[in-house]
Amino acid sequence: MGTKVATANGDPYLLTADGIKEPPTGWAGSLRYLGPGLIVSASIVGSGELIATTALGAKVGFVLLWMVILSTAVKVAVQAELARWTILTGKPALTGFNEVPPKIGRIGWINALWILMALSKFLQIGGIVGGTASALSMLIPVGGDPLSATSLGVWTAIVVAGSIALLYSNSYSLIERGAFALVVVFSIATVVIALGLPFTPFSYGGTDVLSGLTFTIPAGAIGAAVAMFGITGVGADEITFYTYWCVEKGYARWVGPNDGSDEWKARAQGWIRVMYKDVFVSWIIYTVGTLAFFIMGAAVLNPQGLVLEGNEMITTLSQMYTDVIGEWAAIGFLIGAIAVLGSTLWASIPSWSRMYTNVLATLGVLDWNNQVAREKWVRGFIVVLPILWGATYLSVSSPVVMVQIGGVATGIFLPAVVVATWYLRKTQVDPELHGGRWFNVVLLISSIAITLLGIYSLLKVFGLGGD
């Protein structure tokens with residue numbers, strides 16, 4: 001899956017005839033061309049699953065299992081539709097968002113909202129930095145007390161410096177392979193433990209699972225459910241940055257510039273089908289991971305009344321493993337927690353660096369099509385963003401709340417992504433290249449569900465949404 005992008009000049013964002021490649025057919029031929037979804041999975045199988053989903057399971061038990069499944073499935077069609085536009089045009093999401101009227105000067109209203117979401121993400125990703133630092137501190141405490149300010153401060157600095165050092169090269173193949181390794185390590189361990197729970201004192205059965213498919217939301221759980229819905233599965237940020245990885249993998253470059261020919265349309269359809277497979281595989285990965293985390297929270301933490309608070313989050317979560325396997329499992333869990341939270345950082349740092357650079361380009365700060373300038377800015381953000389996120393964590397020091405705030409902000413931004421996706425579909429995508437009838441039905445349902453989530457999230461922010 002580490003296929004090199006087929007470019008003559010090394011810039012996947014420049015579509016030229018010499019970059020054209022015929023698409024593979026079938027699953028066997030397509031596997032080596034999958035990859036962008038792995039980076040998305042690495043981002044998703046992290047803060048949302050380990051923190052928000054487990055916290056929800058601990059709070060309400062199995063009753064919201066249906067929402068976990070819905071939250072991972074409902075946004076996929078919008079993700080694929082926006083990626084379709086990117087493959088056909090070679091343009092990343094924020095370039096397209098800025099073309100949606102109205103505009104205020106150089107900036108479109110959707111990119112203005114994106115900037116607000118990006119600011120809230122300082123809390124969410126800062127919480128991920130903090131969770132990673134907490135796990136490392138518990139594994140190897142500095143000064144004896146694993147949750148002391150000194151130990152957490154030292155490990156936060158190490159996480160930040162290590163992230164910068166590993167990702168500064170900004171190599172697509174490195175990012176893709178690292179994401180794949182991190183996802184595999186923790187997903188397998190977590191799924192194995194979730195499947196093993198029925199053989200422990202914290203067993204669950206078919207009745208528990210069926211009780212979670214009744215489409216009800218218990219009183220007092222709506223806020224947590226909305227945050228979970230916004231942050232699990234592909235959120236607004238993942239839908240947005242997936243387009244960058246589709247380009248950098250080579251999908252748009254391999255389709256080539258639109259010359260209006262039947263050959264171009266056939267080639268475009270072929271690479272869009274590859275993208276569909278990429279989206280499907282990533283959906284399977286993060287849905288299975290999400291369900292495993294929720295089930296562990298519902299089966300182990302909920303019956304004991306254990307809740308997730310502050311820096312003790314990692315201690316509480318490790319209880320899931322030590323209670324099921326034994327005290328020795330705490331070390332294994334901490335290593336796993338580092339892997340799962342680290343996977344989110346691994347994917348988030350280069351993804352957000354691209355998006356920040358792109359939004360600055362829409363403001364005229366740089367020329368997005370100048371590869372040298374673009375790379376310089378992306379690498380600059382790879383250095384700056386982890387430092388700012390780490391500083392945010394040390395200032396707030398409450399990973400669960402930080403992650404949930406980011407989840408609500410993501411839920412609010414999602415309807416804007418839906419509007420942009422439909423606008424770009426209508427104005428820049430040839431109707432012959434739209435999805436089939438069933439895809440379009442699912443896209444409509446997905447769009448409505450996402451919009452309702454955004455409306456509710458807005459009402460919650462202004463204190464009108466109840467609980």
# chains A, B, ... in the order shown; residues from 1 in each chain; ligands from 1
$ closest_atom_pairs --of "region 76-135 of chain A" --to "region 23-36 of chain A" --cutoff "12 Å" --atoms "only C-alpha atoms" --output "Markdown table"
| residue | atom | partner | partner_atom | distance |
| --- | --- | --- | --- | --- |
| A:Gln79 | CA | A:Pro36 | CA | 11.9 |
| A:Ala80 | CA | A:Pro36 | CA | 11.8 |
| A:Ala83 | CA | A:Pro36 | CA | 10.6 |
$ write_last_selection --atoms "N, CA and C atoms" --output "mmCIF file, in the first residue's frame"
data_model
loop_
_atom_site.group_PDB
_atom_site.id
_atom_site.type_symbol
_atom_site.label_atom_id
_atom_site.label_comp_id
_atom_site.auth_asym_id
_atom_site.auth_seq_id
_atom_site.Cartn_x
_atom_site.Cartn_y
_atom_site.Cartn_z
ATOM 1 N N GLN A 79 -18.301 11.743 2.632
ATOM 2 C CA GLN A 79 -16.854 11.614 2.448
ATOM 3 C C GLN A 79 -16.521 11.174 1.026
ATOM 4 N N ALA A 80 -17.221 10.158 0.530
ATOM 5 C CA ALA A 80 -16.945 9.635 -0.811
ATOM 6 C C ALA A 80 -17.327 10.644 -1.892
ATOM 7 N N ALA A 83 -14.703 13.338 -2.050
ATOM 8 C CA ALA A 83 -13.492 12.755 -2.647
ATOM 9 C C ALA A 83 -13.665 12.578 -4.155
#
$ residues_around --residues "Ile382 (chain A)" --least-positions-apart "5" --cutoff "8 Å" --atoms "only C-alpha atoms" --output "CSV table (one decimal) with C-alpha atoms, in the first residue's frame"
chain,number,residue,atom,x,y,z
A,164,ILE,CA,7.9,16.7,15.0
A,167,LEU,CA,6.9,13.6,10.7
A,168,TYR,CA,9.1,16.5,9.6
A,349,ILE,CA,-0.3,16.6,12.5
A,350,PRO,CA,0.4,16.3,8.7
A,353,SER,CA,-0.7,21.1,8.5
$ closest_residue --among "A:Val191, A:Met138, A:Leu334, A:Leu360" --to "Leu291 (chain A)" --atoms "only C-alpha atoms"
A:Val191
$ closest_residue --among "A:Pro257, A:Gly332, A:Pro303, A:Gly297" --to "Ala55 (chain A)" --atoms "only C-alpha atoms"
A:Gly297
$ select_by_dssp --residues "region 126-284 of chain A" --states "alpha helix (DSSP H)" --output "NGL selection string"
:A and (126-139 or 149-167 or 172-196 or 206-211 or 222-231 or 236-249 or 251-255 or 262-284)
$ atom_distance --atom1 "CA of Gly127 (chain A)" --atom2 "CA of Gly390 (chain A)"
8.5 Å
$ closest_residue --among "A:Leu14, A:Leu366, A:Val234, A:Ala373" --to "Ala77 (chain A)" --atoms "only C-alpha atoms"
A:Val234
